[in-house]
>>> print(open('entry-v7.cif').read())   # mmCIF, C-alpha atoms
data_start
loop_
_atom_site.label_atom_id
_atom_site.label_comp_id
_atom_site.auth_asym_id
_atom_site.auth_seq_id
_atom_site.Cartn_x
_atom_site.Cartn_y
_atom_site.Cartn_z
CA MET A 8 -6.27 15.06 -13.55
CA ALA A 9 -4.22 15.67 -10.43
CA TRP A 10 -4.52 13.59 -7.31
CA GLY A 11 -5.64 15.51 -4.24
CA THR A 12 -6.61 14.74 -0.68
CA VAL A 13 -10.32 14.65 0.02
CA ALA A 14 -11.23 15.09 3.67
CA ALA A 15 -13.54 12.52 5.25
CA PHE A 16 -17.24 13.19 4.85
CA THR A 17 -19.27 13.61 8.01
CA ASP A 18 -22.91 12.97 8.75
CA ASN A 19 -25.19 15.57 7.23
CA GLU A 20 -22.29 17.53 5.82
CA VAL A 21 -23.21 19.87 2.99
CA VAL A 22 -21.30 18.16 0.20
CA THR A 23 -19.62 20.73 -1.97
CA ALA A 24 -18.95 20.50 -5.68
CA ALA A 25 -15.26 21.05 -4.96
CA LYS A 26 -15.04 17.91 -2.85
CA LEU A 27 -17.04 15.79 -5.26
CA ASN A 28 -15.04 17.07 -8.22
CA GLN A 29 -11.77 16.22 -6.47
CA LEU A 30 -13.11 12.75 -5.74
CA ALA A 31 -13.97 12.39 -9.41
CA ASP A 32 -10.51 13.66 -10.37
CA ASN A 33 -8.94 11.07 -8.08
CA ILE A 34 -10.84 8.27 -9.79
CA GLU A 35 -9.70 9.58 -13.15
CA TYR A 36 -6.15 9.73 -11.85
CA LEU A 37 -6.27 6.08 -10.79
CA ARG A 38 -7.52 5.13 -14.22
CA ALA A 39 -4.55 6.79 -15.91
CA SER A 40 -1.64 7.02 -13.48
CA ASN A 41 1.44 8.98 -14.37
CA GLU A 42 3.66 7.02 -16.73
CA TYR A 43 6.69 7.51 -18.97
CA VAL A 44 7.42 5.02 -21.74
CA TYR A 45 10.28 4.99 -24.22
CA LEU A 46 10.71 2.39 -26.93
CA TYR A 47 14.09 2.08 -28.63
CA ASN A 48 14.56 0.01 -31.75
CA SER A 49 17.77 0.94 -33.47
CA THR A 50 21.50 0.34 -33.31
CA GLU A 51 22.68 -1.68 -30.35
CA MET A 52 23.64 0.66 -27.54
CA THR A 53 27.04 0.28 -25.90
CA THR A 54 29.11 1.61 -23.04
CA THR A 55 32.69 1.09 -21.94
CA SER A 56 32.39 3.35 -18.94
CA GLY A 57 33.93 1.96 -15.79
CA THR A 58 31.75 4.19 -13.66
CA PHE A 59 27.98 4.34 -13.72
CA VAL A 60 26.61 6.67 -16.39
CA SER A 61 23.14 7.30 -17.75
CA LEU A 62 21.90 5.34 -20.74
CA GLY A 63 20.92 8.69 -22.19
CA ALA A 64 18.27 11.35 -22.06
CA ASN A 65 15.54 8.99 -23.23
CA PHE A 66 16.16 6.79 -20.21
CA GLU A 67 15.76 9.60 -17.72
CA GLN A 68 13.02 11.72 -16.22
CA ALA A 69 14.16 14.84 -14.41
CA ALA A 70 10.83 15.69 -12.80
CA PHE A 71 8.47 12.74 -12.71
CA ALA A 72 5.36 13.64 -10.74
CA CYS A 73 4.63 11.23 -7.90
CA THR A 74 1.75 11.12 -5.44
CA GLY A 75 3.40 8.97 -2.79
CA ARG A 76 2.68 5.62 -4.38
CA PRO A 77 5.39 3.06 -5.25
CA ILE A 78 7.15 3.71 -8.54
CA LEU A 79 8.04 0.98 -11.02
CA VAL A 80 11.19 1.55 -13.07
CA LEU A 81 11.73 -1.15 -15.68
CA LEU A 82 14.12 -1.70 -18.57
CA GLN A 83 13.60 -4.63 -20.89
CA GLY A 84 15.86 -5.82 -23.70
CA SER A 85 18.72 -8.10 -24.66
CA VAL A 86 22.03 -7.56 -22.87
CA ARG A 87 25.53 -8.88 -23.43
CA VAL A 88 29.15 -8.09 -22.70
CA SER A 89 32.03 -8.31 -25.18
CA GLY A 90 35.67 -8.23 -24.18
CA ALA A 91 38.70 -10.39 -23.70
CA GLY A 92 37.81 -12.18 -20.49
CA SER A 93 34.83 -12.61 -18.22
CA GLU A 94 34.09 -8.94 -17.68
CA ILE A 95 30.96 -8.01 -15.75
CA GLY A 96 28.54 -5.28 -16.74
CA ASN A 97 26.07 -3.79 -14.28
CA PHE A 98 22.81 -1.87 -14.43
CA ASP A 99 21.42 0.40 -11.77
CA ILE A 100 18.76 3.04 -11.16
CA GLU A 101 19.44 6.52 -9.86
CA VAL A 102 16.70 8.20 -7.85
CA ASP A 103 17.07 11.87 -6.99
CA GLY A 104 20.81 11.71 -7.58
CA SER A 105 21.57 8.53 -5.64
CA ARG A 106 21.88 5.05 -7.08
CA ILE A 107 19.79 2.40 -5.30
CA GLY A 108 22.10 -0.52 -6.15
CA HIS A 109 25.49 -1.62 -4.87
CA SER A 110 28.34 0.89 -5.14
CA THR A 111 30.23 -1.21 -7.70
CA ASP A 112 27.89 -4.09 -8.64
CA GLY A 113 24.75 -2.07 -9.18
CA LEU A 114 21.36 -3.69 -9.23
CA VAL A 115 21.87 -6.59 -11.62
CA SER A 116 24.91 -8.01 -13.37
CA VAL A 117 25.58 -9.59 -16.74
CA GLN A 118 28.90 -11.28 -17.40
CA ARG A 119 30.72 -12.05 -20.62
CA GLU A 120 30.64 -15.71 -21.50
CA THR A 121 33.93 -17.41 -22.24
CA ASN A 122 32.37 -20.52 -23.66
CA ALA A 123 34.33 -21.23 -26.83
CA GLY A 124 31.54 -23.51 -28.02
CA SER A 125 28.99 -20.76 -28.29
CA VAL A 126 27.69 -20.01 -31.78
CA VAL A 127 28.02 -16.36 -30.90
CA THR A 128 31.04 -15.54 -28.81
CA THR A 129 29.13 -12.89 -26.89
CA PRO A 130 25.57 -14.21 -26.85
CA PRO A 131 22.77 -11.84 -25.82
CA TYR A 132 20.31 -12.57 -23.03
CA HIS A 133 16.82 -11.29 -22.57
CA ALA A 134 16.62 -9.28 -19.37
CA SER A 135 14.05 -7.35 -17.39
CA ILE A 136 15.97 -4.96 -15.20
CA GLY A 137 14.31 -2.69 -12.71
CA ALA A 138 12.93 -2.10 -9.28
CA ILE A 139 9.94 -0.81 -7.40
CA ILE A 140 10.87 2.30 -5.51
CA THR A 141 8.97 2.77 -2.28
CA GLY A 142 8.94 5.56 0.27
CA LEU A 143 9.00 8.50 -2.12
CA ALA A 144 7.10 11.52 -0.91
CA ALA A 145 4.52 13.18 -3.12
CA GLY A 146 6.16 15.59 -5.54
CA ASN A 147 8.55 15.50 -8.46
CA HIS A 148 11.41 12.99 -8.45
CA ALA A 149 14.29 12.33 -10.84
CA PHE A 150 14.99 8.88 -12.29
CA LYS A 151 17.87 7.66 -14.45
CA MET A 152 18.73 4.24 -15.82
CA MET A 153 22.48 3.71 -15.35
CA TRP A 154 25.09 1.24 -16.52
CA ALA A 155 28.83 0.48 -16.21
CA VAL A 156 31.23 -2.30 -17.14
CA GLU A 157 34.53 -3.62 -15.88
CA ALA A 158 37.71 -2.48 -17.65
CA GLY A 159 38.24 -4.18 -21.01
CA GLY A 160 34.58 -4.98 -21.51
CA THR A 161 31.80 -3.42 -23.55
CA LEU A 162 28.29 -3.63 -22.13
CA LYS A 163 25.61 -3.74 -24.83
CA LEU A 164 21.86 -3.34 -24.93
CA GLY A 165 19.46 -4.15 -27.78
CA TYR A 166 21.18 -6.92 -29.73
CA GLY A 167 20.42 -6.99 -33.45
CA SER A 168 18.56 -3.69 -33.23
CA GLY A 169 16.11 -5.46 -30.97
CA ALA A 170 13.53 -3.44 -29.15
CA VAL A 171 14.43 -1.91 -25.81
CA LYS A 172 11.57 -0.87 -23.58
CA PHE A 173 11.86 1.54 -20.69
CA CYS A 174 9.10 2.72 -18.43
CA ILE A 175 8.50 4.61 -15.22
CA ARG A 176 5.05 4.47 -13.72
CA GLU A 177 3.16 4.77 -10.51
CA LEU A 178 1.67 1.53 -9.27
CA MET B 20 -6.79 3.18 8.43
CA VAL B 21 -9.39 3.11 5.69
CA SER B 22 -10.60 -0.15 4.21
CA TYR B 23 -12.30 -1.23 1.01
CA SER B 24 -15.91 -2.43 1.08
CA SER B 25 -18.66 -2.97 -1.44
CA LEU B 26 -21.08 -0.10 -1.91
CA ASP B 27 -24.81 -0.36 -2.11
CA ASP B 28 -26.28 1.23 -5.23
CA MET B 29 -27.14 4.86 -4.73
CA LYS B 30 -30.77 5.65 -5.33
CA VAL B 31 -32.58 8.55 -6.95
CA GLY B 32 -33.24 11.20 -4.35
CA GLN B 33 -30.85 9.68 -1.84
CA LEU B 34 -29.02 12.13 0.38
CA VAL B 35 -25.44 11.08 -0.22
CA ASN B 36 -24.26 12.88 2.89
CA HIS B 37 -26.62 11.03 5.21
CA ASN B 38 -25.01 8.68 7.71
CA ALA B 39 -21.59 9.28 6.16
CA GLY B 40 -19.83 6.49 8.03
CA ALA B 41 -21.98 3.68 6.70
CA ALA B 42 -21.44 1.49 3.66
CA GLY B 43 -23.22 2.91 0.66
CA SER B 44 -22.37 6.45 1.64
CA ILE B 45 -20.18 8.98 -0.07
CA GLU B 46 -17.64 8.49 2.71
CA GLN B 47 -17.22 4.82 1.88
CA LEU B 48 -16.74 5.75 -1.76
CA ARG B 49 -14.02 8.18 -0.70
CA GLN B 50 -12.34 5.47 1.38
CA ASN B 51 -12.46 3.00 -1.50
CA VAL B 52 -10.66 5.49 -3.72
CA GLU B 53 -8.06 5.99 -0.98
CA VAL B 54 -7.51 2.24 -0.76
CA LEU B 55 -7.02 1.99 -4.52
CA HIS B 56 -4.48 4.78 -4.36
CA ASP B 57 -2.56 3.50 -1.35
CA ARG B 58 -2.60 -0.21 -2.07
CA ASN B 59 -0.68 -2.47 0.23
CA ILE B 60 2.86 -3.34 -0.73
CA GLU B 61 5.57 -5.39 0.98
CA GLN B 62 9.20 -5.42 -0.09
CA TYR B 63 12.53 -6.93 0.91
CA PHE B 64 15.47 -5.12 -0.66
CA HIS B 65 18.76 -6.78 0.29
CA ASP B 66 21.43 -4.35 1.47
CA GLY B 67 24.18 -5.80 -0.71
CA THR B 68 26.23 -7.22 2.13
CA GLY B 69 27.13 -10.76 3.14
CA SER B 70 27.75 -13.93 1.21
CA ASP B 71 25.99 -15.08 -1.92
CA TRP B 72 23.08 -17.47 -1.44
CA THR B 73 23.75 -20.98 -2.71
CA THR B 74 21.86 -24.22 -3.09
CA THR B 75 22.58 -27.68 -4.42
CA SER B 76 18.98 -28.80 -4.00
CA THR B 77 17.42 -30.54 -6.99
CA GLN B 78 13.97 -29.89 -5.51
CA LEU B 79 12.42 -26.45 -5.10
CA VAL B 80 13.44 -24.87 -1.81
CA ALA B 81 12.97 -21.39 -0.43
CA ILE B 82 15.99 -19.20 -1.13
CA ASP B 83 15.72 -17.55 2.26
CA ALA B 84 12.51 -17.71 4.27
CA GLY B 85 13.74 -14.81 6.37
CA ALA B 86 14.40 -12.48 3.47
CA PHE B 87 12.59 -13.52 0.31
CA GLN B 88 9.33 -14.44 1.99
CA LEU B 89 6.72 -11.73 2.42
CA THR B 90 3.28 -11.60 3.97
CA ILE B 91 0.75 -9.11 2.69
CA THR B 92 -2.75 -8.26 3.85
CA THR B 93 -5.03 -7.57 0.91
CA ASN B 94 -8.48 -6.14 0.26
CA GLY B 95 -9.22 -8.95 -2.18
CA GLY B 96 -8.36 -9.04 -5.86
CA PRO B 97 -5.14 -9.22 -7.85
CA VAL B 98 -1.70 -9.42 -6.29
CA MET B 99 1.56 -9.16 -8.22
CA THR B 100 4.85 -10.68 -7.10
CA TRP B 101 8.27 -9.83 -8.51
CA PHE B 102 11.76 -11.04 -7.70
CA HIS B 103 14.95 -9.83 -9.35
CA GLY B 104 18.66 -10.34 -8.86
CA SER B 105 21.74 -11.82 -10.50
CA THR B 106 22.39 -15.54 -10.69
CA ARG B 107 24.80 -18.17 -11.99
CA ARG B 108 25.82 -21.69 -11.24
CA ALA B 109 29.24 -22.70 -9.98
CA ALA B 110 31.72 -23.85 -12.60
CA GLY B 111 31.25 -27.43 -13.67
CA SER B 112 28.65 -29.43 -15.49
CA ALA B 113 25.94 -27.78 -17.56
CA PHE B 114 23.15 -27.64 -15.02
CA TYR B 115 20.28 -25.17 -15.06
CA VAL B 116 19.15 -22.94 -12.22
CA PHE B 117 15.38 -22.59 -11.85
CA PHE B 118 13.40 -19.93 -10.04
CA THR B 119 9.77 -19.48 -9.21
CA ILE B 120 7.48 -17.70 -6.78
CA LEU B 121 4.86 -19.60 -4.81
CA ARG B 122 2.19 -18.71 -2.34
CA VAL B 123 3.14 -20.61 0.77
CA GLY B 124 0.85 -23.59 1.14
CA ASP B 125 -0.03 -23.84 -2.54
CA PRO B 126 0.90 -27.09 -4.27
CA VAL B 127 3.65 -27.01 -6.86
CA ASP B 128 1.80 -27.46 -10.13
CA ALA B 129 2.94 -29.02 -13.38
CA TYR B 130 4.27 -25.72 -14.64
CA GLU B 131 6.71 -25.31 -11.78
CA PRO B 132 9.57 -24.69 -11.65
CA ASN B 133 9.81 -22.08 -14.33
CA HIS B 134 12.31 -19.45 -15.42
CA PRO B 135 15.44 -21.54 -16.04
CA GLN B 136 18.83 -19.88 -16.18
CA TRP B 137 21.97 -21.52 -17.51
CA GLY B 138 25.64 -20.73 -17.30
CA LYS B 139 28.48 -20.05 -14.94
CA TRP B 140 28.36 -16.33 -15.71
CA TRP B 141 26.31 -13.78 -13.78
CA LYS B 142 23.06 -12.91 -15.49
CA PRO B 143 19.96 -10.97 -14.49
CA ILE B 144 17.01 -13.00 -13.29
CA SER B 145 13.58 -11.40 -13.17
CA VAL B 146 10.57 -13.45 -12.15
CA TRP B 147 7.03 -12.05 -12.16
CA LYS B 148 4.01 -14.00 -11.04
CA PRO B 149 0.49 -12.57 -10.91
CA TYR B 150 -2.21 -13.91 -8.62
CA PRO B 151 -5.42 -12.55 -10.12
CA PHE B 152 -8.19 -13.71 -7.80
CA LEU B 153 -7.01 -13.81 -4.22
CA PRO B 154 -9.56 -13.32 -1.47
CA ALA B 155 -9.19 -10.53 1.05
CA GLY B 156 -6.93 -11.50 3.91
CA THR B 157 -3.34 -12.44 4.59
CA HIS B 158 -1.18 -14.21 2.02
CA THR B 159 2.46 -15.25 2.20
CA PHE B 160 4.70 -15.58 -0.84
CA SER B 161 8.20 -17.01 -1.11
CA VAL B 162 10.87 -17.24 -3.80
CA TYR B 163 12.06 -20.74 -4.55
CA TRP B 164 14.93 -22.15 -6.55
CA MET B 165 16.71 -25.37 -7.45
CA ILE B 166 19.42 -26.66 -9.75
CA SER B 167 18.99 -29.46 -12.24
CA GLY B 168 22.02 -31.37 -10.96
CA GLY B 169 23.19 -31.46 -7.39
CA THR B 170 26.94 -31.65 -7.92
CA VAL B 171 27.40 -27.90 -8.29
CA ALA B 172 25.71 -24.99 -6.56
CA ALA B 173 23.31 -22.39 -7.85
CA GLU B 174 24.31 -18.95 -6.69
CA LEU B 175 22.42 -15.70 -6.09
CA ARG B 176 24.60 -12.62 -5.93
CA ALA B 177 24.24 -10.77 -2.64
CA SER B 178 26.06 -7.64 -3.76
CA SER B 179 23.55 -7.07 -6.55
CA LYS B 180 20.92 -6.35 -3.91
CA PRO B 181 18.29 -8.92 -4.91
CA CYS B 182 14.80 -7.67 -4.26
CA PHE B 183 11.40 -9.27 -3.70
CA THR B 184 8.20 -7.22 -3.87
CA VAL B 185 4.55 -8.15 -3.39
CA TRP B 186 1.77 -5.64 -3.99
CA GLU B 187 -1.95 -5.33 -4.48
CA GLY B 188 -3.16 -4.61 -7.98
CA TYR B 189 -1.05 -4.77 -11.12
#
>>> encode(input="entry-v7.cif", output="structure tokens")
Amino acid sequence: MAWGTVAAFTDNEVVTAAKLNQLADNIEYLRASNEYVYLYNSTEMTTTSGTFVSLGANFEQAAFACTGRPILVLLQGSVRVSGAGSEIGNFDIEVDGSRIGHSTDGLVSVQRETNAGSVVTTPPYHASIGAIITGLAAGNHAFKMMWAVEAGGTLKLGYGSGAVKFCIREL
Amino acid sequence: MVSYSSLDDMKVGQLVNHNAGAAGSIEQLRQNVEVLHDRNIEQYFHDGTGSDWTTTSTQLVAIDAGAFQLTITTNGGPVMTWFHGSTRRAAGSAFYVFFTILRVGDPVDAYEPNHPQWGKWWKPISVWKPYPFLPAGTHTFSVYWMISGGTVAAELRASSKPCFTVWEGY
């Protein structure tokens, strides 16, 4: 069901089926808002890109229908950085071709640990990475989950074939 | 601006278009649907400039009452709060950084602070806190933090554009 504007009712207006049906459609729309969900549970994903690139086609939506409400974009999974030093990896979200995070540091950062005492030299951390995008006009919008890492590092997602969850939805 | 209000039950034979502006009418039903679609939301999205936030407090303190403190007017019902950013502690002893979100004026209960983070390396922090049964009206929420030992500072990375959002519904 598509969301549509219903004009205000006035006293003694002859209520048409079209208006009532649109009101019913709007209630149905609220019950099941537009949503995209992708669950990944396979080999740990990696990038060595020094510039922000997409996590892949499954972490993108080229034409996600919006009705003017805030949009939640959320990635959940374990993250870590391997390398030789204390390299920093960054995640970001691209909306309609423009990233919303910092030009180099993105939206959130994860840094390689150099703690020699760690059982795992590059321990993974659970992370929920995302944002609520406000101010988008009604219509289709493009979303991409992006990542990058400093030179010498490898940014990883989904340690031990752990599940990675990605969603886009209207709030 | 439309507002949400309880509807009287419609009755058999009722003219739904009568007195359209009153509660119980089809117009109020339309407005309620509008409110559910355009629920109130408040957000502070840092612009990525300036110095990192720091604290050496071993008691919960607001990170920044000018930035990460939001007031929202609600129609009554659930409110979700979410803060995310990147955090670490300064090099030194193995202290933990704790985050939580509180409604201003609420007591700090036994479960606060929550969401510990350890390490001198930047890591994502994402704190959600639902408030399921808030009455209609104005509510103010703030993000708090502390560090388990006061000899080094907890840090919140400014360039990572930390963000705090409060919205009606889930």
>>> closest_residue(input="entry-v7.cif", among="B:Asp27, B:Asp83, B:Glu174, B:Glu61", to="chain A", atoms="only C-alpha atoms")
B:Glu61
>>> resolve_selection(input="entry-v7.cif", expression="the PyMOL selection byres ((chain A) within 6 of (chain B))", output="PyMOL selection string")
chain A and resi 16-20+112-118+135
>>> closest_residue(input="entry-v7.cif", among="B:Tyr63, B:Phe152, B:Phe160, B:Phe114", to="Ser76 (chain B)", atoms="all atoms listed in the file")
B:Phe114
>>> resolve_selection(input="entry-v7.cif", expression="the PyMOL selection byres ((chain A and resi 78-89) around 6)", output="compact mmCIF listing (two decimals) with C-alpha atoms, in the frame of the given file")
# COMPACT_ATOMS: atom_id res chain seq x y z
CA PRO A 77 5.39 3.06 -5.25
CA GLY A 90 35.67 -8.23 -24.18
CA ARG A 119 30.72 -12.05 -20.62
CA THR A 129 29.13 -12.89 -26.89
CA PRO A 131 22.77 -11.84 -25.82
CA TYR A 132 20.31 -12.57 -23.03
CA HIS A 133 16.82 -11.29 -22.57
CA ALA A 134 16.62 -9.28 -19.37
CA SER A 135 14.05 -7.35 -17.39
CA ILE A 136 15.97 -4.96 -15.20
CA GLY A 137 14.31 -2.69 -12.71
CA ALA A 138 12.93 -2.10 -9.28
CA ILE A 139 9.94 -0.81 -7.40
CA ILE A 140 10.87 2.30 -5.51
CA GLY A 160 34.58 -4.98 -21.51
CA THR A 161 31.80 -3.42 -23.55
CA LEU A 162 28.29 -3.63 -22.13
CA LYS A 163 25.61 -3.74 -24.83
CA LEU A 164 21.86 -3.34 -24.93
CA GLY A 165 19.46 -4.15 -27.78
CA TYR A 166 21.18 -6.92 -29.73
CA VAL A 171 14.43 -1.91 -25.81
CA LYS A 172 11.57 -0.87 -23.58
CA PHE A 173 11.86 1.54 -20.69
CA CYS A 174 9.10 2.72 -18.43
CA ILE A 175 8.50 4.61 -15.22
CA ARG A 176 5.05 4.47 -13.72
CA GLU A 177 3.16 4.77 -10.51
CA LEU A 178 1.67 1.53 -9.27
>>> resolve_selection(input="entry-v7.cif", expression="the PyMOL selection byres ((chain B and resi 120) around 10)", output="PDB file with C-alpha atoms, keeping the file's coordinate frame")
ATOM      1  CA  ALA B  81      12.970 -21.390  -0.430  1.00  0.00           C
ATOM      2  CA  PHE B  87      12.590 -13.520   0.310  1.00  0.00           C
ATOM      3  CA  GLN B  88       9.330 -14.440   1.990  1.00  0.00           C
ATOM      4  CA  THR B 100       4.850 -10.680  -7.100  1.00  0.00           C
ATOM      5  CA  TRP B 101       8.270  -9.830  -8.510  1.00  0.00           C
ATOM      6  CA  PHE B 102      11.760 -11.040  -7.700  1.00  0.00           C
ATOM      7  CA  PHE B 118      13.400 -19.930 -10.040  1.00  0.00           C
ATOM      8  CA  THR B 119       9.770 -19.480  -9.210  1.00  0.00           C
ATOM      9  CA  LEU B 121       4.860 -19.600  -4.810  1.00  0.00           C
ATOM     10  CA  ARG B 122       2.190 -18.710  -2.340  1.00  0.00           C
ATOM     11  CA  VAL B 123       3.140 -20.610   0.770  1.00  0.00           C
ATOM     12  CA  GLU B 131       6.710 -25.310 -11.780  1.00  0.00           C
ATOM     13  CA  PRO B 132       9.570 -24.690 -11.650  1.00  0.00           C
ATOM     14  CA  ASN B 133       9.810 -22.080 -14.330  1.00  0.00           C
ATOM     15  CA  VAL B 146      10.570 -13.450 -12.150  1.00  0.00           C
ATOM     16  CA  TRP B 147       7.030 -12.050 -12.160  1.00  0.00           C
ATOM     17  CA  LYS B 148       4.010 -14.000 -11.040  1.00  0.00           C
ATOM     18  CA  PRO B 149       0.490 -12.570 -10.910  1.00  0.00           C
ATOM     19  CA  PHE B 160       4.700 -15.580  -0.840  1.00  0.00           C
ATOM     20  CA  SER B 161       8.200 -17.010  -1.110  1.00  0.00           C
ATOM     21  CA  VAL B 162      10.870 -17.240  -3.800  1.00  0.00           C
ATOM     22  CA  TYR B 163      12.060 -20.740  -4.550  1.00  0.00           C
ATOM     23  CA  TRP B 164      14.930 -22.150  -6.550  1.00  0.00           C
ATOM     24  CA  PHE B 183      11.400  -9.270  -3.700  1.00  0.00           C
TER      25      PHE B 183
END
>>> atom_distance(input="entry-v7.cif", atom1="CA of Phe98 (chain A)", atom2="CA of Ala155 (chain A)")
6.7 Å
>>> atom_distance(input="entry-v7.cif", atom1="CA of Thr121 (chain A)", atom2="CA of Thr73 (chain B)")
22.3 Å
>>> atom_distance(input="entry-v7.cif", atom1="CA of Ser93 (chain A)", atom2="CA of Arg108 (chain B)")
14.6 Å
>>> closest_residue(input="entry-v7.cif", among="A:Gly96, A:Gly11, A:Gly57, A:Gly104", to="Lys151 (chain A)", atoms="all atoms listed in the file")
A:Gly104
>>> closest_residue(input="entry-v7.cif", among="B:Ser25, B:Thr170, B:Thr157, B:Gln33", to="Thr74 (chain B)", atoms="only C-alpha atoms")
B:Thr170
>>> residues_around(input="entry-v7.cif", residues="region 35-40 of chain A", least_positions_apart="3", cutoff="7 Å", atoms="all atoms listed in the file", output="PyMOL selection string")
(chain A and resi 8-10+31-32+177) or (chain B and resi 56)
